[in-house]
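Novice: This is entry-v1.txt (compact mmCIF, C-alpha atoms and all ligand atoms).
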# COMPACT_ATOMS: atom_id res chain seq x y z
CA MET A 1 37.78 -44.75 3.90
CA THR A 2 37.67 -45.22 0.16
CA PHE A 3 34.31 -46.95 -0.11
CA GLN A 4 30.97 -46.72 1.67
CA THR A 5 30.51 -49.10 4.59
CA LEU A 6 27.64 -50.32 6.76
CA ASP A 7 28.03 -47.08 8.71
CA ASP A 8 26.69 -45.25 5.65
CA ILE A 9 23.52 -47.25 4.99
CA GLU A 10 20.13 -46.69 6.61
CA ASP A 11 18.70 -49.59 8.62
CA GLY A 12 15.88 -51.83 7.47
CA GLN A 13 16.58 -51.97 3.73
CA ARG A 14 16.43 -54.97 1.40
CA VAL A 15 20.05 -55.92 0.78
CA LEU A 16 21.82 -58.38 -1.48
CA VAL A 17 24.97 -59.47 0.34
CA ARG A 18 27.96 -61.26 -1.24
CA LEU A 19 29.89 -63.45 1.21
CA ASP A 20 32.80 -65.83 0.62
CA LEU A 21 31.72 -69.10 2.20
CA ASN A 22 33.94 -71.20 -0.09
CA SER A 23 34.93 -74.06 2.23
CA PRO A 24 36.71 -77.40 2.29
CA VAL A 25 34.32 -80.26 1.44
CA GLU A 26 35.14 -83.72 2.79
CA ASP A 27 33.10 -86.66 1.44
CA GLY A 28 30.34 -84.22 0.49
CA ASP A 29 30.30 -82.57 3.93
CA VAL A 30 31.01 -78.84 4.05
CA GLN A 31 33.55 -78.11 6.80
CA ASP A 32 32.93 -75.24 9.18
CA ASN A 33 35.76 -72.73 9.13
CA ARG A 34 36.85 -69.18 9.95
CA ARG A 35 34.96 -67.71 6.97
CA PHE A 36 31.60 -68.48 8.62
CA ASP A 37 32.76 -67.03 11.89
CA ARG A 38 33.93 -63.77 10.35
CA HIS A 39 31.00 -63.25 7.95
CA ALA A 40 28.54 -64.05 10.75
CA GLU A 41 29.50 -60.71 12.33
CA THR A 42 28.33 -58.83 9.24
CA ILE A 43 25.11 -60.83 8.96
CA ARG A 44 24.40 -60.53 12.70
CA GLU A 45 24.71 -56.76 12.44
CA LEU A 46 22.35 -56.66 9.44
CA VAL A 47 19.81 -58.83 11.27
CA ASP A 48 20.01 -56.68 14.39
CA ARG A 49 19.46 -53.60 12.23
CA ASP A 50 16.31 -55.12 10.68
CA PHE A 51 17.64 -55.51 7.15
CA GLU A 52 16.01 -58.06 4.84
CA VAL A 53 19.02 -60.08 3.76
CA ALA A 54 19.64 -62.31 0.75
CA VAL A 55 23.10 -63.92 0.62
CA MET A 56 25.05 -64.81 -2.50
CA ALA A 57 28.17 -66.99 -2.24
CA HIS A 58 30.06 -69.59 -4.27
CA GLN A 59 31.41 -73.04 -3.52
CA GLY A 60 34.11 -74.80 -5.57
CA ARG A 61 34.23 -74.78 -9.34
CA PRO A 62 32.18 -76.77 -11.89
CA GLY A 63 33.79 -80.13 -12.49
CA ARG A 64 35.46 -80.33 -9.05
CA ASP A 65 34.33 -82.50 -6.13
CA ASP A 66 33.80 -79.42 -3.96
CA PHE A 67 31.28 -77.88 -6.39
CA VAL A 68 28.20 -78.44 -4.22
CA SER A 69 24.99 -76.70 -3.20
CA LEU A 70 24.97 -74.04 -0.48
CA GLU A 71 22.25 -75.82 1.52
CA GLN A 72 24.73 -76.97 4.19
CA HIS A 73 26.33 -73.50 4.26
CA ALA A 74 22.95 -72.01 5.23
CA ASP A 75 22.73 -74.36 8.23
CA ILE A 76 26.31 -73.64 9.34
CA LEU A 77 25.69 -69.90 9.00
CA ALA A 78 22.51 -70.24 11.09
CA ASP A 79 24.58 -71.81 13.91
CA HIS A 80 27.05 -68.94 13.78
CA ILE A 81 24.46 -66.17 13.90
CA ASP A 82 22.25 -68.11 16.30
CA SER A 83 19.18 -67.35 14.22
CA ASP A 84 17.24 -69.02 11.39
CA VAL A 85 18.65 -68.95 7.86
CA GLU A 86 16.51 -70.04 4.92
CA PHE A 87 17.91 -71.56 1.72
CA VAL A 88 16.54 -71.62 -1.83
CA ALA A 89 17.98 -73.93 -4.50
CA ASP A 90 17.94 -71.23 -7.18
CA THR A 91 20.28 -68.35 -8.07
CA PHE A 92 17.99 -65.81 -9.75
CA GLY A 93 15.07 -67.72 -11.26
CA PRO A 94 11.39 -67.62 -10.23
CA ASP A 95 11.95 -69.66 -7.03
CA ALA A 96 14.68 -67.28 -5.85
CA ILE A 97 12.55 -64.22 -6.68
CA HIS A 98 9.57 -65.72 -4.85
CA GLU A 99 11.62 -66.32 -1.67
CA ILE A 100 13.23 -62.88 -1.89
CA ALA A 101 9.79 -61.27 -2.15
CA GLY A 102 8.78 -63.01 1.07
CA LEU A 103 11.67 -61.63 3.14
CA GLU A 104 10.80 -59.63 6.24
CA ALA A 105 12.89 -57.50 8.62
CA GLY A 106 15.69 -59.59 10.16
CA ASP A 107 15.23 -62.55 7.77
CA VAL A 108 18.24 -64.17 6.11
CA LEU A 109 17.96 -66.17 2.88
CA VAL A 110 20.89 -67.96 1.21
CA LEU A 111 20.63 -68.23 -2.59
CA GLU A 112 22.12 -71.23 -4.43
CA ASN A 113 25.85 -71.39 -5.36
CA THR A 114 26.46 -68.42 -7.69
CA ARG A 115 28.72 -70.61 -9.84
CA MET A 116 25.67 -72.67 -10.82
CA CYS A 117 24.67 -69.61 -12.83
CA ASP A 118 26.39 -69.64 -16.27
CA GLU A 119 26.94 -65.90 -16.28
CA GLU A 120 28.90 -65.84 -13.02
CA LEU A 121 32.27 -67.36 -13.84
CA PRO A 122 33.93 -66.27 -17.03
CA GLU A 123 36.35 -63.47 -16.07
CA GLU A 124 35.02 -60.39 -17.87
CA ASP A 125 35.04 -56.64 -17.32
CA PRO A 126 32.68 -55.30 -14.65
CA GLU A 127 30.77 -53.41 -17.39
CA VAL A 128 30.03 -56.72 -19.15
CA LYS A 129 29.07 -58.46 -15.90
CA ALA A 130 26.73 -55.58 -15.00
CA GLN A 131 24.67 -56.29 -18.14
CA THR A 132 24.14 -60.00 -17.47
CA GLU A 133 20.60 -61.25 -16.95
CA PHE A 134 21.70 -62.47 -13.50
CA VAL A 135 22.65 -58.96 -12.33
CA GLN A 136 19.86 -57.18 -14.18
CA THR A 137 17.22 -59.50 -12.67
CA LEU A 138 18.40 -59.38 -9.07
CA LYS A 139 19.16 -55.66 -8.91
CA GLY A 140 15.45 -54.79 -9.11
CA GLU A 141 14.69 -56.82 -5.99
CA PHE A 142 16.93 -54.88 -3.60
CA ASP A 143 17.65 -51.38 -2.30
CA ALA A 144 21.40 -51.96 -2.02
CA TYR A 145 24.30 -54.36 -2.51
CA VAL A 146 26.85 -55.24 0.19
CA ASN A 147 30.12 -56.95 -0.70
CA ASP A 148 31.81 -58.70 2.23
CA ALA A 149 33.82 -61.15 0.10
CA TYR A 150 37.31 -59.62 0.22
CA SER A 151 38.78 -63.10 -0.22
CA ALA A 152 37.14 -63.43 -3.65
CA ALA A 153 37.74 -59.81 -4.71
CA HIS A 154 40.54 -60.82 -7.09
CA ARG A 155 37.97 -62.52 -9.36
CA SER A 156 36.01 -60.48 -11.92
CA HIS A 157 32.83 -62.53 -11.51
CA ALA A 158 29.27 -61.23 -11.89
CA SER A 159 28.24 -61.41 -8.23
CA LEU A 160 31.40 -59.54 -7.22
CA VAL A 161 31.83 -56.82 -9.85
CA GLY A 162 28.51 -56.52 -11.71
CA PHE A 163 26.20 -55.20 -8.98
CA PRO A 164 28.25 -52.20 -7.76
CA LEU A 165 27.92 -50.66 -11.22
CA VAL A 166 24.13 -50.70 -11.16
CA MET A 167 23.20 -50.38 -7.47
CA ASP A 168 24.13 -48.50 -4.31
CA ALA A 169 27.06 -50.54 -3.03
CA TYR A 170 28.67 -50.88 0.40
CA ALA A 171 31.54 -52.83 1.93
CA GLY A 172 30.61 -55.29 4.68
CA ARG A 173 32.60 -55.51 7.92
CA VAL A 174 34.91 -58.30 6.70
CA MET A 175 35.64 -56.43 3.48
CA GLU A 176 36.44 -53.35 5.52
CA THR A 177 38.76 -54.99 8.06
CA GLU A 178 40.55 -57.28 5.59
CA TYR A 179 41.09 -54.38 3.19
CA GLU A 180 42.53 -52.18 5.94
CA ALA A 181 44.73 -54.94 7.40
CA ASN A 182 46.09 -56.22 4.09
CA THR A 183 46.69 -52.77 2.63
CA ALA A 184 48.60 -51.75 5.77
CA ILE A 185 50.64 -54.96 5.62
CA ALA A 186 51.50 -54.36 1.97
CA GLU A 187 52.87 -50.94 2.92
CA LYS A 188 54.98 -52.21 5.83
CA GLU A 189 58.77 -52.07 5.46
CA PHE A 190 60.90 -54.74 7.15
CA GLU A 191 64.59 -54.34 7.91
CA GLY A 192 65.24 -58.02 8.55
CA ASN A 193 64.56 -61.09 6.45
CA VAL A 194 61.13 -61.58 4.93
CA THR A 195 60.06 -65.18 4.28
CA MET A 196 57.09 -66.51 2.39
CA VAL A 197 55.80 -70.04 2.85
CA VAL A 198 54.12 -71.10 -0.37
CA GLY A 199 51.96 -74.20 -0.72
CA GLY A 200 48.36 -75.24 -1.23
CA THR A 201 46.61 -76.45 -4.33
CA LYS A 202 46.17 -73.19 -6.29
CA ALA A 203 49.73 -73.11 -7.64
CA THR A 204 48.76 -70.85 -10.54
CA ASP A 205 47.70 -68.08 -8.12
CA VAL A 206 50.85 -68.23 -6.02
CA ILE A 207 53.33 -68.57 -8.86
CA ASP A 208 51.92 -65.47 -10.55
CA VAL A 209 52.33 -63.56 -7.32
CA MET A 210 55.83 -64.91 -6.59
CA THR A 211 57.08 -63.35 -9.80
CA HIS A 212 56.05 -59.95 -8.40
CA LEU A 213 57.39 -60.45 -4.89
CA ASP A 214 61.00 -61.39 -5.55
CA GLU A 215 62.22 -57.99 -4.33
CA LYS A 216 60.06 -57.92 -1.23
CA VAL A 217 60.63 -61.51 -0.11
CA ASP A 218 64.11 -62.85 0.74
CA ASP A 219 63.23 -66.53 1.05
CA PHE A 220 60.44 -68.62 -0.43
CA LEU A 221 59.88 -71.95 1.36
CA LEU A 222 57.92 -74.26 -0.90
CA GLY A 223 55.58 -77.17 -0.35
CA GLY A 224 52.18 -78.39 -1.54
CA ILE A 225 51.42 -78.51 -5.24
CA ALA A 226 53.54 -75.44 -6.11
CA GLY A 227 56.48 -77.06 -4.33
CA GLU A 228 56.22 -80.20 -6.43
CA LEU A 229 55.95 -78.19 -9.64
CA PHE A 230 59.19 -76.39 -8.74
CA LEU A 231 60.83 -79.75 -7.99
CA ARG A 232 59.67 -80.94 -11.42
CA ALA A 233 61.29 -77.88 -13.01
CA ALA A 234 64.47 -78.64 -11.05
CA GLY A 235 64.57 -82.06 -12.73
CA TYR A 236 62.96 -84.36 -10.14
CA PRO A 237 60.38 -86.89 -11.38
CA VAL A 238 57.55 -85.43 -9.27
CA GLY A 239 54.84 -82.82 -9.80
CA TYR A 240 52.65 -84.58 -12.34
CA ASP A 241 49.29 -86.29 -12.02
CA ILE A 242 49.03 -89.99 -11.45
CA ASP A 243 45.79 -91.98 -11.52
CA ASP A 244 42.85 -89.60 -11.95
CA ALA A 245 44.32 -86.69 -9.97
CA ASP A 246 43.94 -83.25 -11.55
CA LEU A 247 46.29 -81.09 -9.50
CA TYR A 248 49.55 -80.85 -11.40
CA ASP A 249 49.54 -81.24 -15.17
CA HIS A 250 47.24 -78.39 -16.17
CA GLN A 251 48.98 -76.06 -13.72
CA TRP A 252 52.36 -77.20 -15.06
CA GLU A 253 51.30 -76.39 -18.63
CA LYS A 254 50.22 -72.92 -17.55
CA ASN A 255 53.26 -72.11 -15.44
CA SER A 256 56.28 -74.18 -16.47
CA GLU A 257 58.02 -71.31 -18.24
CA LYS A 258 57.49 -68.94 -15.32
CA ILE A 259 58.74 -71.55 -12.86
CA GLU A 260 61.83 -72.33 -14.94
CA SER A 261 62.74 -68.68 -15.32
CA MET A 262 62.14 -68.02 -11.60
CA LEU A 263 64.41 -70.91 -10.73
CA ASP A 264 67.07 -69.61 -13.12
CA ALA A 265 66.95 -66.07 -11.83
CA HIS A 266 66.25 -66.63 -8.12
CA ARG A 267 67.55 -70.10 -7.19
CA ASP A 268 69.17 -68.72 -3.99
CA GLN A 269 65.85 -67.36 -2.75
CA ILE A 270 63.86 -70.54 -3.31
CA SER A 271 63.98 -73.51 -0.91
CA LEU A 272 62.52 -76.75 -2.16
CA ALA A 273 61.55 -79.80 -0.13
CA VAL A 274 64.41 -82.24 0.40
CA ASP A 275 62.01 -85.04 1.27
CA LEU A 276 58.33 -85.85 0.69
CA ALA A 277 55.74 -87.96 2.50
CA TYR A 278 53.25 -90.44 1.08
CA GLU A 279 50.86 -93.12 2.26
CA ASP A 280 52.24 -96.62 2.56
CA ASP A 281 49.99 -99.36 3.93
CA GLY A 282 47.90 -96.83 5.83
CA SER A 283 50.90 -95.11 7.43
CA ARG A 284 53.04 -92.10 6.65
CA ALA A 285 56.26 -92.90 4.84
CA GLU A 286 58.96 -90.43 3.77
CA GLN A 287 61.42 -90.44 0.92
CA SER A 288 64.34 -88.18 0.10
CA VAL A 289 63.70 -86.40 -3.22
CA ASP A 290 67.12 -87.60 -4.41
CA ASP A 291 65.91 -91.22 -4.06
CA ILE A 292 62.83 -90.77 -6.27
CA ASP A 293 63.45 -92.40 -9.68
CA GLU A 294 59.90 -92.41 -10.87
CA LYS A 295 56.70 -90.99 -9.40
CA THR A 296 54.54 -93.93 -8.42
CA VAL A 297 52.70 -92.46 -5.44
CA SER A 298 50.96 -89.18 -4.59
CA TYR A 299 53.07 -87.10 -2.24
CA LEU A 300 50.84 -85.56 0.39
CA ASP A 301 53.26 -83.58 2.55
CA VAL A 302 56.82 -82.36 2.77
CA GLY A 303 59.05 -84.59 4.91
CA SER A 304 60.49 -84.07 8.41
CA GLU A 305 63.96 -83.22 7.08
CA THR A 306 62.39 -80.37 5.08
CA VAL A 307 60.70 -78.99 8.21
CA MET A 308 64.11 -79.10 9.99
CA GLU A 309 65.58 -77.05 7.13
CA TYR A 310 62.71 -74.53 6.94
CA SER A 311 62.38 -73.88 10.71
CA PRO A 312 65.71 -71.99 11.20
CA VAL A 313 64.89 -69.77 8.20
CA ILE A 314 61.63 -68.85 9.95
CA ARG A 315 63.41 -68.30 13.28
CA ASP A 316 65.76 -65.81 11.58
CA SER A 317 62.98 -63.87 9.86
CA GLU A 318 61.49 -60.55 10.83
CA ALA A 319 58.31 -61.29 8.88
CA VAL A 320 56.74 -64.51 7.60
CA PHE A 321 53.83 -64.73 5.19
CA VAL A 322 52.03 -68.03 4.69
CA LYS A 323 49.91 -68.83 1.64
CA GLY A 324 48.80 -72.41 1.32
CA ALA A 325 49.47 -75.56 3.29
CA LEU A 326 52.64 -77.63 2.79
CA GLY A 327 50.62 -80.82 2.78
CA MET A 328 47.18 -82.34 3.13
CA PHE A 329 47.11 -81.34 6.79
CA GLU A 330 43.42 -82.26 7.28
CA ASP A 331 44.73 -85.82 7.58
CA GLU A 332 46.93 -85.80 10.69
CA ARG A 333 49.48 -88.11 9.06
CA PHE A 334 50.19 -85.39 6.50
CA SER A 335 50.16 -82.39 8.85
CA VAL A 336 53.87 -82.47 9.75
CA GLY A 337 54.91 -79.82 7.20
CA THR A 338 52.06 -77.36 7.77
CA ALA A 339 51.87 -77.74 11.56
CA GLY A 340 55.69 -77.71 11.85
CA VAL A 341 56.01 -74.44 9.95
CA LEU A 342 53.10 -72.79 11.81
CA GLU A 343 54.59 -73.89 15.16
CA ALA A 344 57.97 -72.42 14.17
CA ILE A 345 56.23 -69.12 13.38
CA ALA A 346 54.20 -69.19 16.62
CA ASP A 347 57.42 -69.82 18.61
CA THR A 348 59.21 -66.74 17.29
CA ASP A 349 58.29 -63.10 17.70
CA CYS A 350 58.36 -62.31 13.98
CA PHE A 351 55.48 -60.44 12.34
CA SER A 352 53.35 -63.05 10.60
CA VAL A 353 50.34 -63.40 8.35
CA VAL A 354 48.58 -66.70 7.71
CA GLY A 355 46.14 -66.58 4.83
CA GLY A 356 43.61 -68.80 3.13
CA GLY A 357 40.26 -70.23 4.08
CA ASP A 358 41.70 -73.76 4.11
CA THR A 359 45.17 -73.15 5.47
CA SER A 360 44.12 -71.00 8.41
CA ARG A 361 42.06 -73.95 9.70
CA ALA A 362 45.32 -75.73 10.57
CA ILE A 363 45.92 -73.23 13.41
CA GLU A 364 43.22 -74.50 15.75
CA MET A 365 43.34 -78.03 14.37
CA TYR A 366 46.90 -78.42 15.65
CA GLY A 367 46.55 -76.70 19.02
CA MET A 368 47.66 -73.17 18.19
CA SER A 369 45.62 -70.00 18.53
CA GLU A 370 45.03 -66.98 16.34
CA ASP A 371 46.81 -64.67 18.87
CA GLU A 372 50.12 -66.34 18.10
CA PHE A 373 50.09 -64.75 14.63
CA GLY A 374 50.12 -61.11 13.53
CA HIS A 375 47.12 -61.40 11.23
CA VAL A 376 45.06 -64.41 10.23
CA SER A 377 43.33 -63.62 6.97
CA ILE A 378 40.41 -65.58 5.56
CA ALA A 379 41.74 -64.54 2.16
CA GLY A 380 44.37 -66.55 0.30
CA GLY A 381 44.83 -65.46 -3.32
CA ALA A 382 43.41 -62.00 -2.62
CA TYR A 383 45.79 -61.33 0.26
CA ILE A 384 48.93 -62.33 -1.59
CA ARG A 385 47.90 -60.20 -4.56
CA ALA A 386 47.34 -57.30 -2.17
CA LEU A 387 50.89 -57.88 -0.85
CA THR A 388 52.25 -57.07 -4.29
CA GLY A 389 50.37 -53.76 -4.18
CA ALA A 390 48.01 -54.96 -6.92
CA GLU A 391 44.44 -53.68 -6.97
CA LEU A 392 41.59 -56.14 -6.42
CA VAL A 393 38.85 -55.67 -8.98
CA GLY A 394 36.05 -56.37 -6.47
CA VAL A 395 37.39 -53.64 -4.19
CA GLU A 396 37.98 -51.15 -7.00
CA VAL A 397 34.36 -51.31 -8.22
CA LEU A 398 33.16 -50.56 -4.68
CA LYS A 399 35.22 -47.36 -4.72
CA ARG A 400 33.49 -46.01 -7.83
N1 LIG A 501 50.55 -82.45 -1.61
C1 LIG A 501 49.25 -82.15 -1.50
N2 LIG A 501 48.31 -82.94 -2.03
C2 LIG A 501 46.99 -82.64 -1.92
N3 LIG A 501 46.52 -81.56 -1.28
C3 LIG A 501 47.41 -80.72 -0.74
C4 LIG A 501 48.81 -80.96 -0.80
N4 LIG A 501 49.44 -79.95 -0.19
C5 LIG A 501 48.49 -79.11 0.25
N5 LIG A 501 47.27 -79.57 -0.05
C6 LIG A 501 45.95 -78.95 0.28
O1 LIG A 501 46.00 -77.57 0.04
C7 LIG A 501 44.86 -77.00 0.68
C8 LIG A 501 45.05 -75.53 0.87
O2 LIG A 501 45.32 -74.98 -0.38
P1 LIG A 501 44.59 -73.76 -1.07
O3 LIG A 501 43.15 -74.10 -1.28
O4 LIG A 501 45.40 -73.38 -2.23
O5 LIG A 501 44.76 -72.70 0.05
P2 LIG A 501 43.81 -71.71 0.82
O6 LIG A 501 42.35 -72.06 0.67
O7 LIG A 501 44.27 -71.89 2.21
O8 LIG A 501 44.17 -70.40 0.22
C9 LIG A 501 44.73 -77.77 1.97
O9 LIG A 501 43.38 -78.06 2.16
C10 LIG A 501 45.59 -79.04 1.74
O10 LIG A 501 44.88 -80.23 1.98
O1 LIG A 502 38.78 -69.60 -1.61
C1 LIG A 502 39.09 -68.66 -2.33
O2 LIG A 502 40.35 -68.33 -2.63
P1 LIG A 502 41.66 -68.82 -1.78
O3 LIG A 502 41.68 -70.33 -1.77
O4 LIG A 502 42.83 -68.25 -2.54
O5 LIG A 502 41.52 -68.23 -0.42
C2 LIG A 502 38.05 -67.75 -2.92
O6 LIG A 502 36.77 -68.14 -2.51
C3 LIG A 502 38.13 -67.75 -4.45
O7 LIG A 502 37.79 -69.01 -4.94
P2 LIG A 502 38.41 -69.50 -6.34
O8 LIG A 502 39.91 -69.59 -6.17
O9 LIG A 502 37.76 -70.86 -6.61
O10 LIG A 502 38.03 -68.48 -7.39
As structure tokens, what does this structure read like?
Ligand SMILES: Nc1ncnc2c1ncn2[C@@H]1O[C@H](COP(=O)(O)OP(=O)(O)O)[C@@H](O)[C@H]1O
Ligand SMILES: O=C(OP(=O)(O)O)[C@H](O)COP(=O)(O)O
Specialist:
Amino acid sequence: MTFQTLDDIEDGQRVLVRLDLNSPVEDGDVQDNRRFDRHAETIRELVDRDFEVAVMAHQGRPGRDDFVSLEQHADILADHIDSDVEFVADTFGPDAIHEIAGLEAGDVLVLENTRMCDEELPEEDPEVKAQTEFVQTLKGEFDAYVNDAYSAAHRSHASLVGFPLVMDAYAGRVMETEYEANTAIAEKEFEGNVTMVVGGTKATDVIDVMTHLDEKVDDFLLGGIAGELFLRAAGYPVGYDIDDADLYDHQWEKNSEKIESMLDAHRDQISLAVDLAYEDDGSRAEQSVDDIDEKTVSYLDVGSETVMEYSPVIRDSEAVFVKGALGMFEDERFSVGTAGVLEAIADTDCFSVVGGGDTSRAIEMYGMSEDEFGHVSIAGGAYIRALTGAELVGVEVLKR
């Protein structure tokens, strides 16, 4: 093993633990998901071993609807570990320090959303993050730091990369298992076709990675926001924001050149939706992309014809990697693309990985089970970066 794990730390210490509890938020309500389930194992072990535990985690980004407090996360975590979890609405100020000082063996305290601290977010070198007041203040309160947030390890944020430089640092159980699984997957060689299903809202993350995977992946099947941006590059009048949406235009500005050059160089490898779905009078309606003259509605899923085209590609694949949903599957009307593709994968005996805190929720939501897939990762962006063989900064600092 390349970093220290919970096997290397003595019981009963005061530990600062970074989890990734970033979750879907619907109408202000944080949705339970696989991240709680997986991280609960780490926390349960720490509680059973009499550690005094303070948890750091983030939720959303400033300015977005899902940028909310971690108060609900503390309650959901308590249900998963079947034990009390306290919450303090402070990241590292006097209230947080007061609650931390009161921790006793087996106690768990969740600190407020790390992204409410100004020093957390700007991407800077670990050395810079280690000198922030946030890191310098909290480090004195603990014996050790545990990072369990593999799924956020591609971000050079203070809570992820600052502490390992100034404290004894260990990988939690999720960090350990995700690192091992994803590194092994990145090293796998496949003789047959390799397919990657690309969707979701974080188009910038996936497009960056696609440019590094064109030799490893034979077919990219697109949907979600990335899919619409590719359609826009191919000349269709879709893939831009209407009303007050903020999903397309800024990502288009950042990526249009990359998308256009990918389409030029790899058109044969890239499948785009042939139809899209939208809401019409409360129901799902579909439209062929060739019939769209002007974007007047928000497209919330790929259409049924697209699923019929993507399914045989999946059936003929030796390996399928999924990053991001093909539509807004949380609403059943717009689950056809995501559920259809996941069912096609579950029905074949290909090796498969489904990644992403949001996307992996579709598995149980639409009647499938985790065993029908090779690996279900709670990481999205981190896992696809790992597939390219890239290092994750949050993992690298743990190895120092
Ligand atoms: N056309 C669309 N419009 C709005 N949301 C979409 C669309 N397609 C996919 N999504 C959303 O993408 C989310 C998953 O994307 P993302 O957060 O990038 O992935 P993950 O967290 O799984 O890595 C889902 O919650 C789904 O609702
Ligand atoms: O949910 C996450 O990433 P993912 O959606 O790629 O799985 C991580 O918590 C990172 O969050 P961020 O993409 O807002 O930095």
Novice: Write out as an NGL selection string each polymer residue (protein, DNA or RNA) that has an atom no more than 10 Å from ligand LIG 502 (chain A), with all atoms listed in the file counted.
Specialist: :A and (19-24 or 35 or 57-62 or 66-67 or 115 or 121 or 149-157 or 200-206 or 323-324 or 355-360 or 377-385)
Novice: Compile a residue-level contact table for region 106-143 of chain A against region 69-83 of chain A at a cut-off of 9 Å, reporting for every qualifying residue the shortest atom pair and its distance in Å to one decimal, with only C-alpha atoms counted, rows ordered by chain and ascending number, as a Markdown table.
Specialist:
| residue | atom | partner | partner_atom | distance |
| --- | --- | --- | --- | --- |
| A:Asp107 | CA | A:Ser83 | CA | 9.0 |
| A:Val108 | CA | A:Ser83 | CA | 8.8 |
| A:Leu109 | CA | A:Ala74 | CA | 8.0 |
| A:Val110 | CA | A:Ala74 | CA | 6.1 |
| A:Leu111 | CA | A:Leu70 | CA | 7.6 |
| A:Glu112 | CA | A:Leu70 | CA | 5.6 |
| A:Asn113 | CA | A:Leu70 | CA | 5.6 |
| A:Met116 | CA | A:Ser69 | CA | 8.6 |
Novice: Could you write out that same residue set with C-alpha atoms as an mmCIF file, in the frame of the given file?
Specialist:
data_model
loop_
_atom_site.group_PDB
_atom_site.id
_atom_site.type_symbol
_atom_site.label_atom_id
_atom_site.label_comp_id
_atom_site.auth_asym_id
_atom_site.auth_seq_id
_atom_site.Cartn_x
_atom_site.Cartn_y
_atom_site.Cartn_z
ATOM 1 C CA ASP A 107 15.230 -62.550 7.770
ATOM 2 C CA VAL A 108 18.240 -64.170 6.110
ATOM 3 C CA LEU A 109 17.960 -66.170 2.880
ATOM 4 C CA VAL A 110 20.890 -67.960 1.210
ATOM 5 C CA LEU A 111 20.630 -68.230 -2.590
ATOM 6 C CA GLU A 112 22.120 -71.230 -4.430
ATOM 7 C CA ASN A 113 25.850 -71.390 -5.360
ATOM 8 C CA MET A 116 25.670 -72.670 -10.820
#
Novice: Give as a PyMOL selection string each residue that has an atom at most 10 Å from (10.2, -61.4, -1.4) in the file, counting all atoms listed in the file.
Specialist: chain A and resi 14+52+54+96-104+141-142
Novice: To one decimal in Å, tell me the separation between CA of Asp241 (chain A) and CA of Gly303 (chain A).
Specialist: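 Between CA of Asp241 (chain A) and CA of Gly303 (chain A) the gap works out to 19.6 Å.
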Novice: What is the distance between CA of Asp143 (chain A) and CA of Leu392 (chain A), in Å to one decimal?
Specialist: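 Between CA of Asp143 (chain A) and CA of Leu392 (chain A) the gap is 24.8 Å.
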Novice: Kindly indicate which residue among A:Leu398, A:Leu263, A:Ala386, A:Leu229 lies nearest to ligand LIG 501 (chain A), using only C-alpha atoms and all ligand atoms for the distances.
Specialist: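 Smallest separation from ligand LIG 501 (chain A) among the options: A:Leu229.
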Novice: When you count all atoms listed in the file, which of these residues is closest to Glu309 (chain A): A:Gly337, A:Gly282, A:Gly192, A:Gly327?
Specialist: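 Selected residue with least distance to Glu309 (chain A): A:Gly337.
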Novice: Kindly indicate which residue among A:Ala226, A:Leu213, A:Val47, A:Val85 lies nearest to Tyr240 (chain A), using all atoms listed in the file for the distances.
Specialist: A:Ala226
Novice: Counting only C-alpha atoms, which of A:His375, A:Lys399, A:His39, A:Arg333 gets nearest to Ser283 (chain A)?
Specialist: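 The closest residue to Ser283 (chain A) is A:Arg333.
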Novice: Go through A:Ile314, A:Ala277, A:Val15, A:Leu46 and flag the residue nearest ligand LIG 501 (chain A), using all atoms listed in the file for the distances.
Specialist: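 So, comparing all the options, the nearest one is A:Ala277.
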Novice: Can you tell me, as a list in words, what residues are no more than 6 Å from Val322 (chain A) when counting all atoms listed in the file, ignoring any on the same chain fewer than 2 positions away?
Specialist: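 Near Val322 (chain A), the qualifying residues are Met196, Val197 and Val354 of chain A.
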Novice: Between A:Leu222, A:Val395, A:Leu160, A:Leu300, single out the one closest to ligand LIG 501 (chain A), counting all atoms listed in the file.
Specialist: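 Once distances to ligand LIG 501 (chain A) are computed over all atoms listed in the file, the minimum belongs to A:Leu300.
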Novice: Would you list the contacts of Gly227 (chain A) as a PyMOL selection string, taking every protein, DNA or RNA residue within 9 Å and counting all atoms listed in the file, but skipping same-chain residues closer than 5 positions in sequence?
Specialist: chain A and resi 198-200+203+221-222+232+239+271-273+302+326
Novice: Just to confirm, what's the straight-line distance from CA of Ala390 (chain A) to CA of Asn182 (chain A) in Å (one decimal)?
Specialist: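 Straight-line distance from CA of Ala390 (chain A) to CA of Asn182 (chain A) works out to 11.2 Å.
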Novice: Compile the contact shell of Tyr236 (chain A) as a PDB file with C-alpha atoms, in the coordinates of the input: residues with an atom at most 9 Å away, counting all atoms listed in the file, same-chain residues fewer than 5 positions apart removed.
Specialist:
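Final file, result_10.pdb:
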ATOM      1  CA  GLU A 228      56.220 -80.200  -6.430  1.00  0.00           C
ATOM      2  CA  PHE A 230      59.190 -76.390  -8.740  1.00  0.00           C
ATOM      3  CA  LEU A 231      60.830 -79.750  -7.990  1.00  0.00           C
ATOM      4  CA  VAL A 289      63.700 -86.400  -3.220  1.00  0.00           C
ATOM      5  CA  ASP A 290      67.120 -87.600  -4.410  1.00  0.00           C
ATOM      6  CA  ILE A 292      62.830 -90.770  -6.270  1.00  0.00           C
ATOM      7  CA  ASP A 293      63.450 -92.400  -9.680  1.00  0.00           C
ATOM      8  CA  GLU A 294      59.900 -92.410 -10.870  1.00  0.00           C
TER       9      GLU A 294
END
